[in-house]
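Below is one structure, written out as structure tokens; comments come after it.
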Amino acid sequence: MANVLCVLYPDPQTGYPPRYARDSIPTINSYANGQTAPTPKGLGFKPGELVGSVSGELGLRSYLEKLGHELIVTSDKDGPDSEFERRLPDAEVVISQPFWPAYLTPERIAKAKKLRLALTAGIGSDHVDLQAAARAGVTVAEVTGSNSISVAEHVVMMVLSLVRNYLPAHQIAANGGWNIADCVARSYDVEGMHFGTIAAGRIGLAVLRRLKAFGLQLHYTDPHRLNSDVERELDLTYHPDPLSLVKAVDIVNLQMPLYPSTEGFFNDKLFAEMKRGSYLINTARGKLVDRDAVVRALETGKLAGYAGDVWYPQPAPRNHSWRTMPNNGMTPHMSGTSLSAQARYAAGTLEILQSYFEGAPMREEYLIVDGGNLAGTGAKSYRLT
């Protein structure tokens, strides 16, 4: 019998299950790169249900208990007295989400002597110390591709919300006002602006494709240059490095992975190279930017707006400076956990567990660390230092 320790975000404050706005969601069978959506044997939930919170349990309980395994689901994940900390020594499998991450530090991995699989329900395994996991022989996997489009749609929404000054204008209407001059004093068209993404993987490229229709001039930088056919199709300008890109564009989308050498990547020095009145979108990871440098850039007007859904730590404390900084469009980490996305990453979590317990190979695209080394998607996206 295996102990499966699953950390999910708390249920809605209005109670579980919520009253759903729709009766169904579209079926997505494959992704833009040709990868098929998850194909587990059976589902323990109805697609469109809230399965990413504690009571939803990712729909895993019936599957695991039929095999005789124990499933522990909690949202209590931080600190030495948390349920996660208490249960960790007996866990063979740990499941976590980027939106409510259970940080698997070297100290926690050393404590988890029985741990064999660290599984991210979603995309992004940087809450796991990959080097420590590799040393301990822990397999790290994630549901690659499952919520890429969900995040890309969120980026497009944030671009338009910032540039068109939507959030303050909505608040004026909600407060009973009609002061149009105040609404439009910071409102611009995106048409003709220059937009650049730092990293053009699944999400970055999806953002570029969606913004093409808005008449922006599109730029990108990435260690792996895109195919020339894609560059021609989208009329992309390639930059050899981020510095070149940020000097040239009006809107920057930060989409690079987080590892030790990219922490604090966007700092005062890089902000100084941007045009005055630029916009920055970050749905990658909060630690990619210097927290206080973002605040300074907004207060001086170097940035006209900052939006994102990633913070550090997560959940962010109530006094986090990003909650009150000017001209921000921050949300909790929600872009990749729409009900549509949950259906895919919960199905992918089940598929990975089925492979693990049956001793079958996991999909290469799901692997991050395997056999003591970076593997699959991990070998293409992460570094151990």
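So you can find residues: chains in the structure tokens are A, B, ... in the order shown, residues in each start at 1, and ligands are numbered from 1 in order.
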* Asked: Any idea what's packed within 10 Å of segment 134-144 of chain A, counting only C-alpha atoms, ignoring anything in its chain fewer than 4 positions away? Could you give it as a ChimeraX atom specification?
  -> /A:35,37-38,92-97,106,109-110,112-125,128-130,148,202,344-352,356,362-378,384
For segment 214-234 of chain A versus segment 251-260 of chain A, which residues have an atom no more than 12 Å away, and what is each residue's nearest atom pair and distance in Å rounded to one decimal, using only C-alpha atoms, chain-then-number order, as CSV?
residue,atom,partner,partner_atom,distance
A:Leu216,CA,A:Ile251,CA,10.0
A:Gln217,CA,A:Ile251,CA,10.3
A:Leu218,CA,A:Ile251,CA,9.8
A:His219,CA,A:Val252,CA,9.3
A:Tyr220,CA,A:Asn253,CA,9.2
A:Thr221,CA,A:Met256,CA,10.0
A:Asp222,CA,A:Met256,CA,8.6
A:Pro223,CA,A:Met256,CA,10.2
Just-selected residues, C-alpha atoms written as a tab-separated table (two decimals), in the first residue's frame:
chain	number	residue	atom	x	y	z
A	216	LEU	CA	0.68	44.31	-32.82
A	217	GLN	CA	4.30	44.09	-33.96
A	218	LEU	CA	5.48	40.82	-32.44
A	219	HIS	CA	8.93	40.08	-31.00
A	220	TYR	CA	10.46	37.16	-29.10
A	221	THR	CA	13.65	35.82	-27.60
A	222	ASP	CA	14.33	32.21	-26.70
A	223	PRO	CA	17.43	29.99	-26.43
Dump as a tab-separated table the rows for residues of segment 90-146 of chain A within 9 Å of segment 306-329 of chain A: closest atom pair and distance in Å with one decimal, only C-alpha atoms counted, ordered by chain and rising residue number.
residue	atom	partner	partner_atom	distance
A:Pro98	CA	A:Gln314	CA	8.8
A:Phe99	CA	A:Gln314	CA	7.3
A:Trp100	CA	A:Gln314	CA	6.3
A:Pro101	CA	A:Gln314	CA	6.9
Any idea what's packed within 10 Å of Leu43 of chain A, counting only C-alpha atoms, ignoring anything in its chain fewer than 3 positions away? Could you give it as a short mmCIF file (atom, residue, chain, number, x, y, z; two decimals) with C-alpha atoms, in the first residue's frame?
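Result saved to out_18.cif:
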data_model
loop_
_atom_site.label_atom_id
_atom_site.label_comp_id
_atom_site.auth_asym_id
_atom_site.auth_seq_id
_atom_site.Cartn_x
_atom_site.Cartn_y
_atom_site.Cartn_z
CA THR A 39 -5.83 9.57 -21.92
CA PRO A 40 -6.20 7.80 -18.56
CA LYS A 46 -17.15 14.93 -14.55
CA PRO A 47 -15.15 17.38 -16.69
CA LEU A 58 -8.54 15.69 -8.35
CA GLY A 59 -11.10 12.90 -8.68
CA LEU A 60 -8.48 10.39 -7.47
CA SER A 62 -11.95 5.93 -6.02
CA TYR A 63 -9.02 4.90 -8.22
CA ALA A 343 -10.28 18.61 -16.38
CA ALA A 346 -6.58 16.05 -13.26
CA ALA A 347 -6.87 13.51 -16.08
CA LEU A 350 -4.46 10.06 -13.10
CA GLU A 351 -2.61 8.94 -16.23
#
* To do: Can you work out which one of A:Val190, A:Leu167, A:Gly15, A:Gly42 has the shortest atom-to-atom distance to Gly56 of chain A, counting only C-alpha atoms?
  =>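 Between A:Val190, A:Leu167, A:Gly15, A:Gly42, the residue approaching Gly56 of chain A most closely is A:Gly15.
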* Asked: In Å, how far is it from atom CA of Asn3 of chain A to atom CA of Ser55 of chain A?
  ->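 Rounded to one decimal, the two atoms are 18.0 Å apart.
Among the candidate residues A:Glu49, A:Asp241, A:Glu273, A:Asp11, the one lying nearest to Gln342 of chain A is A:Glu49, with distances computed using only C-alpha atoms.
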Pull the helix (DSSP H, G or I) assignments for segment 58-232 of chain A out of DSSP run on the backbone, and list those residues as an mmCIF file with C-alpha atoms, in the first residue's frame.
data_model
loop_
_atom_site.group_PDB
_atom_site.id
_atom_site.type_symbol
_atom_site.label_atom_id
_atom_site.label_comp_id
_atom_site.auth_asym_id
_atom_site.auth_seq_id
_atom_site.Cartn_x
_atom_site.Cartn_y
_atom_site.Cartn_z
ATOM 1 C CA LEU A 58 -8.537 15.690 -8.352
ATOM 2 C CA GLY A 59 -11.095 12.903 -8.678
ATOM 3 C CA ARG A 61 -9.985 8.753 -4.397
ATOM 4 C CA SER A 62 -11.951 5.933 -6.016
ATOM 5 C CA TYR A 63 -9.017 4.895 -8.219
ATOM 6 C CA LEU A 64 -6.462 4.874 -5.411
ATOM 7 C CA GLU A 65 -8.637 3.218 -2.785
ATOM 8 C CA LYS A 66 -9.630 0.402 -5.150
ATOM 9 C CA GLU A 83 -0.369 18.394 8.087
ATOM 10 C CA PHE A 84 1.848 18.186 5.018
ATOM 11 C CA GLU A 85 4.977 18.212 7.194
ATOM 12 C CA ARG A 86 3.547 15.572 9.538
ATOM 13 C CA ARG A 87 2.463 13.240 6.733
ATOM 14 C CA LEU A 88 5.508 13.651 4.507
ATOM 15 C CA PRO A 89 7.757 10.956 6.084
ATOM 16 C CA ASP A 90 5.224 8.242 5.144
ATOM 17 C CA PRO A 106 16.143 19.697 0.160
ATOM 18 C CA GLU A 107 15.318 19.424 3.874
ATOM 19 C CA ARG A 108 11.846 18.080 3.194
ATOM 20 C CA ILE A 109 13.102 15.648 0.564
ATOM 21 C CA ALA A 110 15.724 14.361 3.020
ATOM 22 C CA LYS A 111 12.936 13.827 5.543
ATOM 23 C CA LEU A 130 15.080 19.307 -8.663
ATOM 24 C CA GLN A 131 18.712 18.802 -7.704
ATOM 25 C CA ALA A 132 17.749 17.304 -4.342
ATOM 26 C CA ALA A 133 15.092 15.154 -6.013
ATOM 27 C CA ALA A 134 17.626 13.853 -8.527
ATOM 28 C CA ARG A 135 20.109 12.993 -5.766
ATOM 29 C CA ALA A 136 17.399 11.155 -3.821
ATOM 30 C CA SER A 148 -0.802 26.156 -21.581
ATOM 31 C CA ILE A 149 -3.689 27.726 -23.496
ATOM 32 C CA SER A 150 -5.437 28.612 -20.237
ATOM 33 C CA VAL A 151 -2.399 30.672 -19.224
ATOM 34 C CA ALA A 152 -2.016 32.178 -22.714
ATOM 35 C CA GLU A 153 -5.631 33.386 -22.637
ATOM 36 C CA HIS A 154 -4.991 34.949 -19.230
ATOM 37 C CA VAL A 155 -1.983 36.833 -20.634
ATOM 38 C CA VAL A 156 -4.068 38.259 -23.490
ATOM 39 C CA MET A 157 -6.736 39.328 -21.005
ATOM 40 C CA MET A 158 -4.148 41.087 -18.859
ATOM 41 C CA VAL A 159 -2.545 42.870 -21.818
ATOM 42 C CA LEU A 160 -5.876 44.332 -22.873
ATOM 43 C CA SER A 161 -6.941 45.111 -19.299
ATOM 44 C CA LEU A 162 -3.784 47.110 -18.605
ATOM 45 C CA VAL A 163 -3.435 48.942 -21.897
ATOM 46 C CA TYR A 166 -10.156 48.421 -17.932
ATOM 47 C CA LEU A 167 -9.851 47.716 -14.213
ATOM 48 C CA PRO A 168 -9.989 51.353 -12.960
ATOM 49 C CA ALA A 169 -12.742 52.150 -15.471
ATOM 50 C CA HIS A 170 -14.825 49.217 -14.257
ATOM 51 C CA GLN A 171 -14.346 50.343 -10.676
ATOM 52 C CA ILE A 172 -15.593 53.838 -11.568
ATOM 53 C CA ALA A 173 -18.750 52.292 -13.041
ATOM 54 C CA ALA A 174 -19.194 49.942 -10.079
ATOM 55 C CA ILE A 180 -15.053 59.225 -18.721
ATOM 56 C CA ALA A 181 -12.009 61.492 -18.744
ATOM 57 C CA ASP A 182 -10.575 59.616 -15.775
ATOM 58 C CA CYS A 183 -11.326 56.300 -17.490
ATOM 59 C CA VAL A 184 -9.458 57.195 -20.673
ATOM 60 C CA ARG A 202 4.112 26.376 -25.583
ATOM 61 C CA ILE A 203 2.655 29.330 -23.692
ATOM 62 C CA GLY A 204 4.760 32.110 -25.203
ATOM 63 C CA LEU A 205 4.040 30.973 -28.754
ATOM 64 C CA ALA A 206 0.326 30.585 -27.995
ATOM 65 C CA VAL A 207 0.265 34.187 -26.762
ATOM 66 C CA LEU A 208 1.971 35.419 -29.934
ATOM 67 C CA ARG A 209 -0.546 33.568 -32.102
ATOM 68 C CA ARG A 210 -3.488 35.064 -30.236
ATOM 69 C CA LEU A 211 -2.173 38.621 -30.293
ATOM 70 C CA LYS A 212 -1.379 38.527 -34.014
ATOM 71 C CA ALA A 213 -5.007 39.340 -34.761
ATOM 72 C CA PHE A 214 -4.789 42.592 -32.779
ATOM 73 C CA SER A 228 11.586 30.056 -39.889
ATOM 74 C CA ASP A 229 8.115 29.142 -41.190
ATOM 75 C CA VAL A 230 6.591 30.187 -37.846
ATOM 76 C CA GLU A 231 8.590 33.422 -37.862
ATOM 77 C CA ARG A 232 7.263 34.264 -41.327
#
* Compare A:Asp126, A:Glu70, A:Asp250, A:Asp292 by their minimum atom-to-atom distance to Met1 of chain A, counting only C-alpha atoms, and give me the closest one. =>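 That would be A:Glu70, the residue with the smallest distance to Met1 of chain A.
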* Could you state the separation of atom CA of Gly201 of chain A and atom CA of Leu270 of chain A in Å, given to one decimal place? -> 22.0 Å
* **For atom CA of Glu299 of chain A and atom CA of Trp178 of chain A, the interatomic separation in Å (one decimal)** => 26.4 Å
* To do: Using backbone DSSP assignments, extract all strand (DSSP E) residues from segment 150-286 of chain A; output them as a count of residues only.
  => 21
